[in-house]
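Asker: Sharing upload-v4.cif, mmCIF, C-alpha atoms and all ligand atoms:
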data_query
#
loop_
_atom_site.label_atom_id
_atom_site.label_comp_id
_atom_site.auth_asym_id
_atom_site.auth_seq_id
_atom_site.Cartn_x
_atom_site.Cartn_y
_atom_site.Cartn_z
CA MET A 169 26.98 16.36 -2.83
CA LYS A 170 27.35 14.48 -6.12
CA ASP A 171 27.35 16.22 -9.46
CA LEU A 172 23.73 16.71 -10.46
CA ALA A 173 24.50 17.36 -14.14
CA PRO A 174 22.04 15.30 -16.13
CA THR A 175 23.61 12.19 -17.60
CA GLY A 176 20.30 11.26 -18.97
CA CYS A 177 18.20 8.13 -19.14
CA ARG A 178 15.02 10.11 -19.84
CA ASP A 179 15.17 9.21 -23.51
CA LEU A 180 16.13 5.59 -23.03
CA PRO A 181 13.99 3.36 -25.26
CA VAL A 182 11.11 1.89 -23.24
CA LEU A 183 10.18 -1.78 -23.48
CA LYS A 184 6.38 -1.66 -23.38
CA GLN A 185 4.62 -4.84 -22.38
CA ARG A 186 0.90 -5.54 -22.16
CA GLY A 187 0.27 -9.04 -20.90
CA GLN A 188 -0.65 -10.81 -17.73
CA HIS A 189 0.43 -8.84 -14.68
CA GLU A 190 0.80 -9.76 -11.02
CA VAL A 191 -0.07 -6.91 -8.68
CA PHE A 192 -2.36 -6.07 -5.79
CA CYS A 193 -5.41 -3.94 -6.51
CA GLY A 194 -6.00 -0.30 -5.59
CA LEU A 195 -8.01 -1.18 -2.48
CA THR A 196 -4.65 -1.68 -0.77
CA GLY A 197 -4.20 2.12 -0.57
CA ILE A 198 -7.03 2.30 1.95
CA ILE A 199 -4.70 0.64 4.47
CA TRP A 200 -2.45 3.69 4.69
CA LEU A 201 -5.03 6.33 3.75
CA HIS A 202 -7.41 5.48 6.59
CA ARG A 203 -4.59 6.07 9.08
CA LYS A 204 -3.82 9.43 7.54
CA MET A 205 -7.30 10.90 7.13
CA GLN A 206 -8.73 10.86 10.59
CA ASP A 207 -12.33 11.78 9.89
CA ALA A 208 -12.73 9.82 6.67
CA PHE A 209 -14.46 6.51 6.11
CA PHE A 210 -13.81 4.25 3.13
CA LEU A 211 -16.84 2.20 2.17
CA VAL A 212 -15.82 -0.41 -0.38
CA ILE A 213 -18.67 -1.60 -2.56
CA GLY A 214 -17.36 -5.03 -3.27
CA SER A 215 -17.32 -8.75 -2.69
CA ARG A 216 -16.25 -10.93 0.20
CA THR A 217 -12.85 -11.18 -1.49
CA CYS A 218 -12.46 -7.39 -1.20
CA ALA A 219 -13.46 -7.53 2.47
CA HIS A 220 -10.93 -10.29 3.13
CA LEU A 221 -8.15 -8.42 1.34
CA LEU A 222 -8.73 -5.32 3.45
CA GLN A 223 -9.13 -7.13 6.71
CA SER A 224 -6.06 -9.29 6.29
CA ALA A 225 -3.88 -6.45 4.97
CA ALA A 226 -4.98 -4.01 7.68
CA GLY A 227 -4.45 -6.52 10.47
CA VAL A 228 -5.87 -5.71 13.88
CA MET A 229 -7.81 -2.46 14.04
CA ILE A 230 -6.26 -0.24 16.62
CA PHE A 231 -8.99 2.37 16.51
CA ALA A 232 -12.08 2.45 18.73
CA GLU A 233 -14.11 2.58 15.52
CA PRO A 234 -12.92 1.29 12.16
CA ARG A 235 -12.41 3.75 9.33
CA PHE A 236 -13.24 1.38 6.50
CA GLY A 237 -15.76 -1.29 5.74
CA THR A 238 -17.20 -3.28 2.87
CA ALA A 239 -20.78 -3.19 1.61
CA ILE A 240 -20.97 -6.70 0.19
CA LEU A 241 -22.59 -7.10 -3.19
CA GLU A 242 -24.65 -10.29 -2.94
CA GLU A 243 -25.64 -12.55 -5.82
CA THR A 244 -28.97 -10.78 -6.20
CA ASP A 245 -27.09 -7.48 -6.73
CA LEU A 246 -24.71 -9.05 -9.19
CA ALA A 247 -27.59 -10.60 -11.10
CA GLY A 248 -29.25 -7.19 -11.30
CA MET A 249 -32.25 -8.40 -9.30
CA ALA A 250 -31.92 -5.83 -6.53
CA ASP A 251 -31.59 -2.07 -6.80
CA ALA A 252 -28.01 -1.65 -5.61
CA GLN A 253 -28.38 2.15 -5.43
CA GLU A 254 -31.23 1.85 -2.95
CA GLU A 255 -29.31 -0.62 -0.84
CA LEU A 256 -26.28 1.64 -0.89
CA ASP A 257 -28.39 4.57 0.34
CA ARG A 258 -29.67 2.39 3.17
CA GLU A 259 -26.15 1.29 4.19
CA VAL A 260 -24.83 4.85 4.10
CA ALA A 261 -27.77 6.11 6.19
CA ARG A 262 -27.13 3.40 8.76
CA LEU A 263 -23.40 4.17 8.90
CA LEU A 264 -23.71 7.95 9.13
CA SER A 265 -26.42 7.91 11.77
CA ARG A 266 -24.19 5.77 14.00
CA ARG A 267 -20.89 7.53 13.21
CA THR A 268 -21.21 11.29 13.58
CA ASP A 269 -17.39 11.57 13.56
CA ILE A 270 -17.31 10.84 9.81
CA LYS A 271 -16.86 14.03 7.77
CA GLN A 272 -15.69 12.52 4.49
CA LEU A 273 -17.16 9.36 3.08
CA PHE A 274 -15.46 7.67 0.14
CA LEU A 275 -17.50 5.19 -1.89
CA VAL A 276 -14.80 2.90 -3.25
CA GLY A 277 -15.49 0.92 -6.41
CA SER A 278 -14.17 -2.61 -6.87
CA CYS A 279 -14.07 -5.24 -9.63
CA PRO A 280 -17.63 -6.47 -8.89
CA SER A 281 -19.12 -2.96 -8.72
CA GLU A 282 -17.42 -2.12 -12.03
CA VAL A 283 -18.61 -5.32 -13.65
CA ILE A 284 -22.25 -4.56 -12.81
CA LYS A 285 -21.60 -0.92 -13.77
CA LEU A 286 -22.79 0.49 -10.47
CA ASP A 287 -22.64 4.24 -10.94
CA LEU A 288 -20.84 5.37 -7.80
CA ALA A 289 -20.27 8.91 -9.12
CA ARG A 290 -24.03 9.39 -9.29
CA ALA A 291 -24.43 7.88 -5.83
CA ALA A 292 -21.73 10.15 -4.38
CA GLU A 293 -23.36 13.23 -5.88
CA ARG A 294 -26.79 12.27 -4.57
CA LEU A 295 -25.51 11.40 -1.09
CA SER A 296 -23.31 14.51 -0.92
CA GLN A 297 -26.38 16.69 -1.47
CA GLN A 298 -28.29 14.72 1.13
CA TYR A 299 -25.63 14.89 3.85
CA ALA A 300 -24.09 18.34 3.16
CA PRO A 301 -22.65 20.28 4.91
CA ASN A 302 -21.79 17.73 7.61
CA VAL A 303 -20.44 14.98 5.38
CA ARG A 304 -18.81 15.15 1.97
CA VAL A 305 -19.30 12.03 -0.15
CA LEU A 306 -16.78 11.26 -2.91
CA ASN A 307 -16.07 8.19 -4.98
CA PHE A 308 -13.07 6.51 -6.57
CA SER A 309 -12.20 3.11 -7.93
CA GLY A 310 -9.84 0.66 -6.27
CA SER A 311 -10.69 -2.11 -8.72
CA GLY A 312 -8.02 -4.56 -9.72
CA ILE A 313 -9.01 -4.42 -13.38
CA GLU A 314 -6.02 -2.78 -15.09
CA THR A 315 -4.60 -1.10 -11.99
CA THR A 316 -1.73 -1.46 -9.62
CA PHE A 317 -2.00 -1.04 -5.88
CA THR A 318 -0.67 2.50 -5.53
CA GLN A 319 -3.31 3.78 -7.96
CA GLY A 320 -5.84 3.61 -5.13
CA GLU A 321 -4.20 6.57 -3.41
CA ASP A 322 -3.93 8.42 -6.72
CA ALA A 323 -7.62 7.89 -7.48
CA CYS A 324 -8.59 8.95 -3.96
CA LEU A 325 -6.54 12.17 -3.97
CA ALA A 326 -7.61 13.00 -7.53
CA SER A 327 -11.26 12.73 -6.42
CA MET A 328 -10.63 15.36 -3.72
CA VAL A 329 -9.02 18.01 -5.94
CA PRO A 330 -12.13 19.19 -7.87
CA VAL A 331 -14.05 19.90 -4.65
CA LEU A 332 -11.34 22.03 -3.02
CA PRO A 333 -12.41 25.69 -2.92
CA ALA A 334 -10.65 28.26 -5.13
CA SER A 335 -7.92 30.44 -3.60
CA ASP A 336 -5.42 32.98 -4.92
CA GLU A 337 -3.09 32.52 -1.99
CA ARG A 338 0.57 31.92 -2.79
CA GLN A 339 1.24 28.57 -1.12
CA LEU A 340 3.06 25.28 -1.38
CA LEU A 341 1.11 22.05 -1.51
CA LEU A 342 2.81 18.77 -0.63
CA VAL A 343 1.08 15.97 -2.48
CA GLY A 344 1.11 12.40 -1.18
CA ALA A 345 0.25 10.56 2.03
CA LEU A 346 3.37 10.27 4.17
CA PRO A 347 3.67 8.72 7.61
CA ASP A 348 3.12 11.46 10.22
CA VAL A 349 6.72 11.40 11.47
CA VAL A 350 8.08 11.88 7.94
CA GLU A 351 5.60 14.60 7.11
CA GLU A 352 6.62 16.48 10.26
CA GLN A 353 10.30 16.29 9.27
CA ALA A 354 9.54 17.65 5.79
CA LEU A 355 7.39 20.47 7.17
CA GLY A 356 10.11 21.28 9.73
CA LEU A 357 12.82 21.60 7.04
CA LEU A 358 10.59 23.81 4.89
CA ALA A 359 9.61 25.99 7.85
CA ASP A 360 13.28 26.40 8.83
CA MET A 361 13.93 27.75 5.34
CA GLY A 362 11.08 30.23 5.77
CA ILE A 363 8.85 28.54 3.17
CA GLY A 364 5.14 28.83 3.79
CA PRO A 365 2.27 28.51 4.03
CA VAL A 366 2.58 24.80 3.33
CA ARG A 367 -0.52 22.60 2.94
CA VAL A 368 -0.71 18.86 2.60
CA LEU A 369 -2.87 16.68 0.38
CA PRO A 370 -4.45 14.65 1.92
CA ALA A 371 -5.14 16.84 4.96
CA ALA A 372 -5.63 14.96 8.23
CA ARG A 373 -9.18 16.32 8.61
CA ALA A 374 -11.73 17.82 6.24
CA ALA A 375 -11.77 20.99 8.36
CA ASP A 376 -8.01 21.48 7.73
CA GLU A 377 -8.58 21.89 4.01
CA TYR A 378 -7.64 24.95 2.00
CA GLY A 379 -8.33 26.43 -1.39
CA ILE A 380 -6.13 26.07 -4.47
CA GLY A 381 -5.58 28.08 -7.60
CA GLU A 382 -3.04 29.69 -9.91
CA ASN A 383 -0.77 30.82 -7.07
CA THR A 384 -0.51 27.31 -5.69
CA VAL A 385 2.70 25.45 -6.48
CA PHE A 386 2.89 21.80 -5.63
CA ALA A 387 5.63 19.28 -4.95
CA MET A 388 4.96 15.57 -5.19
CA THR A 389 6.26 13.24 -2.50
CA GLN A 390 5.06 10.07 -4.23
CA PRO A 391 5.71 9.24 -7.88
CA PHE A 392 2.47 7.30 -8.38
CA LEU A 393 0.11 10.26 -8.31
CA GLY A 394 -0.22 10.96 -12.03
CA ASP A 395 -4.00 11.55 -12.03
CA THR A 396 -3.74 13.82 -8.99
CA HIS A 397 -0.98 15.77 -10.76
CA GLY A 398 -3.30 16.22 -13.76
CA ALA A 399 -6.25 17.25 -11.56
CA LEU A 400 -4.15 19.88 -9.77
CA GLU A 401 -2.89 21.31 -13.05
CA ARG A 402 -6.48 21.55 -14.26
CA ARG A 403 -7.17 23.72 -11.19
CA GLY A 404 -4.34 26.07 -12.27
CA ALA A 405 -1.73 24.87 -9.75
CA ARG A 406 1.87 24.51 -10.98
CA HIS A 407 4.07 21.46 -10.44
CA ILE A 408 7.67 21.86 -9.20
CA PRO A 409 9.48 19.02 -11.02
CA ALA A 410 12.20 17.38 -8.94
CA PRO A 411 13.75 14.01 -8.18
CA PHE A 412 11.81 12.26 -5.40
CA PRO A 413 13.03 12.71 -1.81
CA PHE A 414 14.67 9.32 -1.38
CA GLY A 415 18.18 9.25 0.06
CA ASP A 416 20.50 12.17 0.61
CA GLU A 417 20.75 13.20 -3.02
CA GLY A 418 17.06 12.88 -3.84
CA THR A 419 16.00 14.74 -0.70
CA THR A 420 18.51 17.54 -1.30
CA ALA A 421 17.49 17.93 -4.95
CA TRP A 422 13.78 17.91 -4.01
CA LEU A 423 14.30 20.53 -1.29
CA ARG A 424 16.52 22.61 -3.58
CA ALA A 425 13.82 22.73 -6.27
CA VAL A 426 11.24 23.91 -3.72
CA ALA A 427 13.71 26.34 -2.14
CA ASP A 428 14.52 27.86 -5.55
CA GLU A 429 10.82 28.40 -6.20
CA PHE A 430 10.58 30.36 -2.94
CA GLY A 431 13.86 32.30 -3.38
CA VAL A 432 15.72 30.69 -0.46
CA SER A 433 19.40 31.70 -0.39
CA ASP A 434 22.27 29.18 -0.60
CA GLU A 435 23.35 30.14 2.92
CA VAL A 436 19.97 29.40 4.45
CA PHE A 437 19.64 26.19 2.45
CA GLU A 438 23.05 25.03 3.60
CA ARG A 439 22.39 25.94 7.23
CA VAL A 440 19.11 24.02 7.32
CA THR A 441 20.18 20.94 5.38
CA ALA A 442 23.86 20.43 6.29
CA ALA A 443 23.38 18.43 9.52
CA PRO A 444 20.56 16.10 8.39
CA ARG A 445 22.39 15.58 5.07
CA ALA A 446 25.54 14.52 6.84
CA ARG A 447 23.51 12.10 8.97
CA ALA A 448 21.82 10.69 5.87
CA GLN A 449 25.13 10.24 4.02
CA LYS A 450 26.64 8.39 6.95
CA ALA A 451 23.61 6.16 7.43
CA VAL A 452 23.38 5.33 3.72
CA ALA A 453 27.12 4.60 3.48
CA GLN A 454 26.87 2.10 6.36
CA ALA A 455 23.78 0.32 5.07
CA ALA A 456 24.99 0.35 1.47
CA GLU A 457 28.34 -1.38 2.10
CA VAL A 458 26.85 -4.69 1.10
CA LEU A 459 25.01 -3.24 -1.92
CA ARG A 460 28.05 -1.88 -3.78
CA GLY A 461 28.66 -3.57 -7.10
CA ARG A 462 25.53 -5.75 -6.76
CA SER A 463 22.84 -5.89 -9.42
CA VAL A 464 19.14 -5.13 -8.97
CA PHE A 465 16.08 -6.01 -11.07
CA PHE A 466 12.74 -4.27 -10.52
CA PHE A 467 9.44 -5.88 -11.43
CA PRO A 468 6.66 -3.31 -12.00
CA ASP A 469 4.68 -2.96 -8.80
CA SER A 470 4.67 0.12 -6.55
CA GLN A 471 5.49 2.78 -9.21
CA LEU A 472 8.37 3.80 -6.93
CA GLU A 473 10.75 1.83 -9.12
CA VAL A 474 12.43 4.65 -11.07
CA PRO A 475 13.25 6.92 -8.09
CA LEU A 476 14.41 3.90 -6.09
CA ALA A 477 16.60 2.70 -8.94
CA ARG A 478 18.11 6.19 -9.02
CA PHE A 479 18.79 5.99 -5.28
CA LEU A 480 20.28 2.50 -5.45
CA THR A 481 22.50 3.17 -8.46
CA ARG A 482 23.65 6.70 -7.55
CA GLU A 483 23.89 6.51 -3.77
CA CYS A 484 24.38 2.82 -3.02
CA GLY A 485 26.61 1.76 -5.91
CA MET A 486 24.24 -0.85 -7.35
CA GLN A 487 23.83 -1.69 -11.01
CA ALA A 488 20.32 -1.77 -12.45
CA VAL A 489 19.61 -4.65 -14.83
CA GLU A 490 15.95 -3.87 -15.46
CA VAL A 491 13.75 -1.13 -14.05
CA GLY A 492 10.15 -2.14 -14.63
CA THR A 493 7.30 0.16 -13.71
CA PRO A 494 3.55 -0.24 -14.25
CA PHE A 495 3.30 3.25 -15.79
CA LEU A 496 6.08 5.58 -16.84
CA HIS A 497 5.03 9.18 -16.19
CA LYS A 498 8.02 11.19 -17.36
CA GLY A 499 6.49 14.43 -16.06
CA LEU A 500 6.93 12.95 -12.60
CA VAL A 501 9.94 10.63 -12.75
CA GLY A 502 11.80 12.44 -15.56
CA PRO A 503 14.11 14.30 -13.13
CA ASP A 504 15.10 10.95 -11.56
CA LEU A 505 15.75 9.45 -14.99
CA ASP A 506 17.89 12.49 -15.84
CA LEU A 507 20.21 11.60 -12.99
CA MET A 508 20.63 7.96 -13.96
CA GLU A 509 23.30 6.50 -16.16
CA GLY A 510 24.45 3.12 -17.33
CA GLU A 511 22.82 0.45 -19.39
CA PHE A 512 19.64 -1.12 -18.16
CA THR A 513 16.26 -2.11 -19.55
CA LEU A 514 13.54 0.41 -18.80
CA SER A 515 10.22 -1.38 -19.07
CA GLU A 516 6.62 -0.25 -18.69
CA GLY A 517 3.71 -2.59 -18.04
CA GLN A 518 4.15 -6.30 -17.70
CA ASP A 519 4.02 -9.63 -19.46
CA VAL A 520 4.94 -11.64 -16.42
CA ASP A 521 6.18 -14.82 -18.12
CA LEU A 522 8.51 -12.90 -20.42
CA GLN A 523 9.80 -10.87 -17.49
CA LEU A 524 10.39 -14.01 -15.46
CA ASP A 525 12.46 -15.34 -18.36
CA ARG A 526 14.53 -12.14 -18.28
CA VAL A 527 15.12 -12.23 -14.52
CA ARG A 528 16.15 -15.90 -14.66
CA ALA A 529 18.60 -15.13 -17.45
CA ALA A 530 20.02 -12.12 -15.60
CA GLN A 531 20.30 -13.80 -12.15
CA PRO A 532 20.44 -10.41 -10.36
CA ASP A 533 21.74 -10.13 -6.80
CA LEU A 534 18.43 -8.56 -5.74
CA THR A 535 14.96 -8.71 -7.27
CA VAL A 536 12.32 -6.22 -6.13
CA CYS A 537 8.86 -7.62 -6.80
CA GLY A 538 5.37 -8.26 -5.49
CA LEU A 539 4.54 -10.84 -2.84
CA GLY A 540 3.12 -13.31 -5.35
CA LEU A 541 6.41 -13.55 -7.23
CA ALA A 542 8.81 -13.25 -4.30
CA ASN A 543 8.35 -16.69 -2.77
CA PRO A 544 8.65 -18.69 -6.00
CA LEU A 545 11.73 -16.67 -6.98
CA GLU A 546 13.30 -17.21 -3.54
CA ALA A 547 12.69 -20.93 -4.02
CA GLU A 548 14.64 -20.69 -7.30
CA GLY A 549 17.57 -19.14 -5.44
CA LEU A 550 17.00 -15.45 -6.18
CA THR A 551 17.12 -12.89 -3.37
CA THR A 552 14.00 -10.73 -3.26
CA LYS A 553 12.56 -7.63 -1.64
CA TRP A 554 8.80 -7.17 -1.38
CA ALA A 555 7.87 -3.96 -3.16
CA ILE A 556 4.83 -3.38 -0.94
CA GLU A 557 7.06 -2.93 2.12
CA LEU A 558 8.48 0.20 0.50
CA VAL A 559 5.08 1.83 0.68
CA PHE A 560 4.33 0.78 4.25
CA THR A 561 7.72 1.76 5.69
CA PRO A 562 8.82 5.38 6.33
CA VAL A 563 11.49 5.84 3.64
CA HIS A 564 11.33 9.48 2.50
CA PHE A 565 13.67 12.37 3.41
CA TYR A 566 17.00 12.50 5.24
CA GLU A 567 16.30 10.73 8.51
CA GLN A 568 14.92 7.65 6.78
CA ALA A 569 17.65 7.39 4.12
CA GLY A 570 19.63 4.79 6.07
CA ASP A 571 16.49 2.71 6.69
CA LEU A 572 15.71 2.83 2.98
CA ALA A 573 19.14 1.46 2.07
CA GLY A 574 18.73 -1.08 4.88
CA LEU A 575 15.52 -2.41 3.33
CA PHE A 576 17.56 -3.49 0.31
CA SER A 577 20.71 -4.58 2.10
CA ARG A 578 18.99 -6.87 4.64
CA PRO A 579 17.84 -9.55 2.18
CA ILE A 580 21.32 -9.60 0.60
CA ARG A 581 23.03 -9.91 3.98
CA ARG A 582 20.66 -12.71 4.93
CA ARG A 583 21.39 -14.57 1.69
CA ASP A 584 25.15 -14.06 2.18
CA LEU A 585 24.88 -15.55 5.68
CA LEU A 586 22.91 -18.53 4.41
CA LYS A 587 25.59 -19.15 1.78
CA VAL A 588 28.32 -19.07 4.44
CA GLU A 589 26.37 -21.46 6.67
CA ALA A 590 25.72 -23.81 3.77
CA ALA A 591 29.42 -23.80 2.90
CA GLU A 592 30.44 -24.73 6.47
S1 LIG A 601 -11.23 -4.97 -6.00
FE1 LIG A 601 -11.04 -6.74 -7.37
S2 LIG A 601 -8.91 -7.40 -7.18
FE2 LIG A 601 -9.37 -6.08 -5.41
S3 LIG A 601 -9.98 -7.51 -3.78
FE3 LIG A 601 -11.88 -6.80 -4.81
S4 LIG A 601 -12.27 -8.36 -6.40
FE4 LIG A 601 -10.14 -8.64 -5.73
#
I'd like the structure from this file rewritten - as structure tokens, please.
Ligand code: SF4
Answerer:
Amino acid sequence: MKDLAPTGCRDLPVLKQRGQHEVFCGLTGIIWLHRKMQDAFFLVIGSRTCAHLLQSAAGVMIFAEPRFGTAILEETDLAGMADAQEELDREVARLLSRRTDIKQLFLVGSCPSEVIKLDLARAAERLSQQYAPNVRVLNFSGSGIETTFTQGEDACLASMVPVLPASDERQLLLVGALPDVVEEQALGLLADMGIGPVRVLPAARAADEYGIGENTVFAMTQPFLGDTHGALERRGARHIPAPFPFGDEGTTAWLRAVADEFGVSDEVFERVTAAPRARAQKAVAQAAEVLRGRSVFFFPDSQLEVPLARFLTRECGMQAVEVGTPFLHKGLVGPDLDLMEGEFTLSEGQDVDLQLDRVRAAQPDLTVCGLGLANPLEAEGLTTKWAIELVFTPVHFYEQAGDLAGLFSRPIRRRDLLKVEAAE
């Protein structure tokens, strides 16, 4: 294992930018949340644009019944000529009478519902009373006004925290929606160390939920859950700060922080982690061959940028030129920044034209950015990686460490091959 002594980029000056930004909106989170929460339904109160975004991003529905839908705000709603609250009640009644499997209903705000100031909190409260105890109705905003796409999950999870019952039980809460296979690996490692009980937010079903309180400690698996972190602390739960579980080093440091909290001995820790760590190191070393000595530039998009930059610079030998993130929450990504070294620009927020000037001047070997920027930059000769893929692909913990490195090495390999072919 590498030396974990802090070298320290936590206090690096931050370039703060507030200009035009190019990101998806928070509705995108519904795509992975609806797979995770099996008795939930996400009802977006939005426009046809919102419906199209969801439908095209979610692709073909593989479930017998969909777990999300859009209540379309028509022109009469937008012009204030119809009572949108009444119409919402009617839509919800129709949905819940047909779908008795729904136990949690999320009313999801959008740009149009925010513009007409539709009070979804009031609606959720009213409908919750009406449909209790069978269905819990909550609300959050996925609007694209001043958000980035991972904030949808944050807003959703944060809306669930205040309604969890109180409990004094000593327990560990894992916070963040992970693909099932990854979640099972994490739970398996923790169980092998004798850590428990372990709960997960979001739980797969409303009935699986638990209480929280002052004896709850929580570990974050996603760095974009700042509001959820705040909501949990307000309920008395305590955060275990740690680097995020990306790669061998990040996973080991994350597990070590949790293990220390639960008094796990070095022997047990070593016994449980040695084999998967060795596999992760080998897989990363193979995939990272092509990354060594190459430069990387992150546009602000998924909010995974800081932990990923730590992984790429520490474990894959890359050099960061700029690490841009929509929001810099040092309470969450501080431990990752502590592990980073070298000179790079740490930027928060975006002024896209200025950032495009910087990336063109830097000509990095790899640019991690949103879909809207990737194609034009590819056309200019830069090699890109779509940030959104990092959220849709299983990348956390040991067994996925090689795949994570592979996500970054593939575009570089492809570009190298194209160069060779062009030269021949
Ligand atoms: S919430 Fe806003 S940004 Fe997102 S799809 Fe709807 S209108 Fe577009």
Asker: Please report as a tab-separated table every residue of chain A lying within 12 Å of ligand LIG 601 (chain A), along with the nearest atom pair and their distance in Å (one decimal), using only C-alpha atoms and all ligand atoms.
Answerer:
residue	atom	partner	partner_atom	distance
A:Glu190	CA	A:LIG601	S2	10.7
A:Val191	CA	A:LIG601	S2	9.0
A:Phe192	CA	A:LIG601	S2	6.8
A:Cys193	CA	A:LIG601	FE2	4.6
A:Gly194	CA	A:LIG601	FE2	6.7
A:Leu195	CA	A:LIG601	FE2	5.9
A:Thr196	CA	A:LIG601	FE2	7.9
A:Gly197	CA	A:LIG601	FE2	10.8
A:Ile198	CA	A:LIG601	FE2	11.4
A:Val212	CA	A:LIG601	S1	8.6
A:Ile213	CA	A:LIG601	FE3	8.8
A:Gly214	CA	A:LIG601	FE3	6.0
A:Ser215	CA	A:LIG601	FE3	6.2
A:Arg216	CA	A:LIG601	FE3	7.8
A:Thr217	CA	A:LIG601	S3	5.2
A:Cys218	CA	A:LIG601	S3	3.6
A:Ala219	CA	A:LIG601	S3	7.2
A:His220	CA	A:LIG601	S3	7.5
A:Leu221	CA	A:LIG601	S3	5.5
A:Leu222	CA	A:LIG601	S3	7.7
A:Gln223	CA	A:LIG601	S3	10.5
A:Ser224	CA	A:LIG601	S3	11.0
A:Ala225	CA	A:LIG601	S3	10.7
A:Thr238	CA	A:LIG601	FE3	10.0
A:Ala239	CA	A:LIG601	FE3	11.6
A:Ile240	CA	A:LIG601	FE3	10.4
A:Leu241	CA	A:LIG601	FE3	10.8
A:Val276	CA	A:LIG601	S1	9.1
A:Gly277	CA	A:LIG601	S1	7.3
A:Ser278	CA	A:LIG601	S1	3.9
A:Cys279	CA	A:LIG601	FE1	4.1
A:Pro280	CA	A:LIG601	S4	6.2
A:Ser281	CA	A:LIG601	S1	8.6
A:Glu282	CA	A:LIG601	S1	9.1
A:Val283	CA	A:LIG601	FE1	9.9
A:Phe308	CA	A:LIG601	S1	11.6
A:Ser309	CA	A:LIG601	S1	8.4
A:Gly310	CA	A:LIG601	S1	5.8
A:Ser311	CA	A:LIG601	S1	4.0
A:Gly312	CA	A:LIG601	S2	3.9
A:Ile313	CA	A:LIG601	FE1	6.8
A:Glu314	CA	A:LIG601	S2	9.6
A:Thr315	CA	A:LIG601	S2	9.0
A:Thr316	CA	A:LIG601	S2	9.6
A:Phe317	CA	A:LIG601	FE2	8.9
A:Gln319	CA	A:LIG601	FE2	11.9
A:Gly320	CA	A:LIG601	S1	10.2
Asker: Would you kindly return, as a PyMOL selection string, each protein, DNA or RNA residue with an atom no farther than 8 Å from any atom of Glu337 in chain A, considering only C-alpha atoms and excluding same-chain residues fewer than 3 positions away?
Answerer: chain A and resi 380-381+383-384
Asker: What is the CA of Ala569 in chain A to CA of Pro347 in chain A distance in Å?
Answerer: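 Separating CA of Ala569 in chain A from CA of Pro347 in chain A is a distance of 14.5 Å.
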Asker: A:Lys271, A:Arg266, A:Arg338, A:Lys498: which is nearest Ala372 in chain A, counting only C-alpha atoms?
Answerer: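 With only C-alpha atoms as the atom set, the closest residue is A:Lys271.
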Asker: So which one's closest to Asp571 in chain A, A:Thr389, A:Thr481, A:Ser463, A:Gln449? Using all atoms listed in the file, please.
Answerer: A:Gln449
Asker: Pick from A:Arg403, A:Arg258, A:Arg267, A:Arg526: nearest to Leu295 in chain A, with only C-alpha atoms counted?
Answerer: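 Looking at the shortest contact to Leu295 in chain A, the residue is A:Arg258.
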Asker: In Å to one decimal, how far is CA of Phe414 in chain A from CA of Leu534 in chain A?
Answerer: 18.8 Å
Asker: Between CA of Pro333 in chain A and CA of Thr396 in chain A, what is the distance in Å, rounded to a tenth?
Answerer: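 Pair CA of Pro333 in chain A / CA of Thr396 in chain A returns 15.9 Å.
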Asker: Write out as a PyMOL selection string each polymer residue whose atoms come within 8 Å of range 540-545 of chain A, counting only C-alpha atoms; drop sequence neighbours fewer than 5 positions from it.
Answerer: chain A and resi 190-191+550-554
Asker: Calculated over all atoms listed in the file, which of the candidates A:Val368, A:Leu340, A:Met508, A:Leu393 has the smallest distance to Leu496 in chain A?
Answerer: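 Among the listed residues, A:Leu393 lies closest to Leu496 in chain A.
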Asker: Would you pick out the contacts of Arg186 in chain A at 12 Å or less, using all atoms listed in the file, so that residues sharing its chain but fewer than 6 positions from it are not included, and give the list as a PyMOL selection string?
Answerer: chain A and resi 314+468+494-495+515-523
Asker: So, counting all atoms listed in the file, which residue among A:Asp322, A:Glu401, A:Asp360, A:Glu483 is closest to Ala345 in chain A?
Answerer: A:Asp322
Asker: Give me the residues near Val563 in chain A as number ranges by chain, where near means some atom within 9 Å (using only C-alpha atoms) and where sequence neighbours in that chain fewer than 4 positions away do not count.
Answerer: A: 350, 413-415, 558-559, 567-573
Asker: Could I see range 573-578 of chain A restored to N, CA and C atoms, set down as a PDB file, keeping the file's coordinate frame?
Answerer:
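Output saved as out.pdb:
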ATOM      1  N   ALA A 573      18.043   2.316   2.568  1.00  0.00           N
ATOM      2  CA  ALA A 573      19.140   1.460   2.070  1.00  0.00           C
ATOM      3  C   ALA A 573      19.110   0.107   2.788  1.00  0.00           C
ATOM      4  N   GLY A 574      18.780   0.152   4.086  1.00  0.00           N
ATOM      5  CA  GLY A 574      18.730  -1.080   4.880  1.00  0.00           C
ATOM      6  C   GLY A 574      17.673  -2.057   4.381  1.00  0.00           C
ATOM      7  N   LEU A 575      16.564  -1.522   3.854  1.00  0.00           N
ATOM      8  CA  LEU A 575      15.520  -2.410   3.330  1.00  0.00           C
ATOM      9  C   LEU A 575      16.064  -3.286   2.197  1.00  0.00           C
ATOM     10  N   PHE A 576      16.992  -2.731   1.424  1.00  0.00           N
ATOM     11  CA  PHE A 576      17.560  -3.490   0.310  1.00  0.00           C
ATOM     12  C   PHE A 576      18.761  -4.331   0.742  1.00  0.00           C
ATOM     13  N   SER A 577      19.498  -3.834   1.730  1.00  0.00           N
ATOM     14  CA  SER A 577      20.710  -4.580   2.100  1.00  0.00           C
ATOM     15  C   SER A 577      20.395  -5.810   2.957  1.00  0.00           C
ATOM     16  N   ARG A 578      19.290  -5.742   3.733  1.00  0.00           N
ATOM     17  CA  ARG A 578      18.990  -6.870   4.640  1.00  0.00           C
ATOM     18  C   ARG A 578      18.817  -8.195   3.909  1.00  0.00           C
TER      19      ARG A 578
END
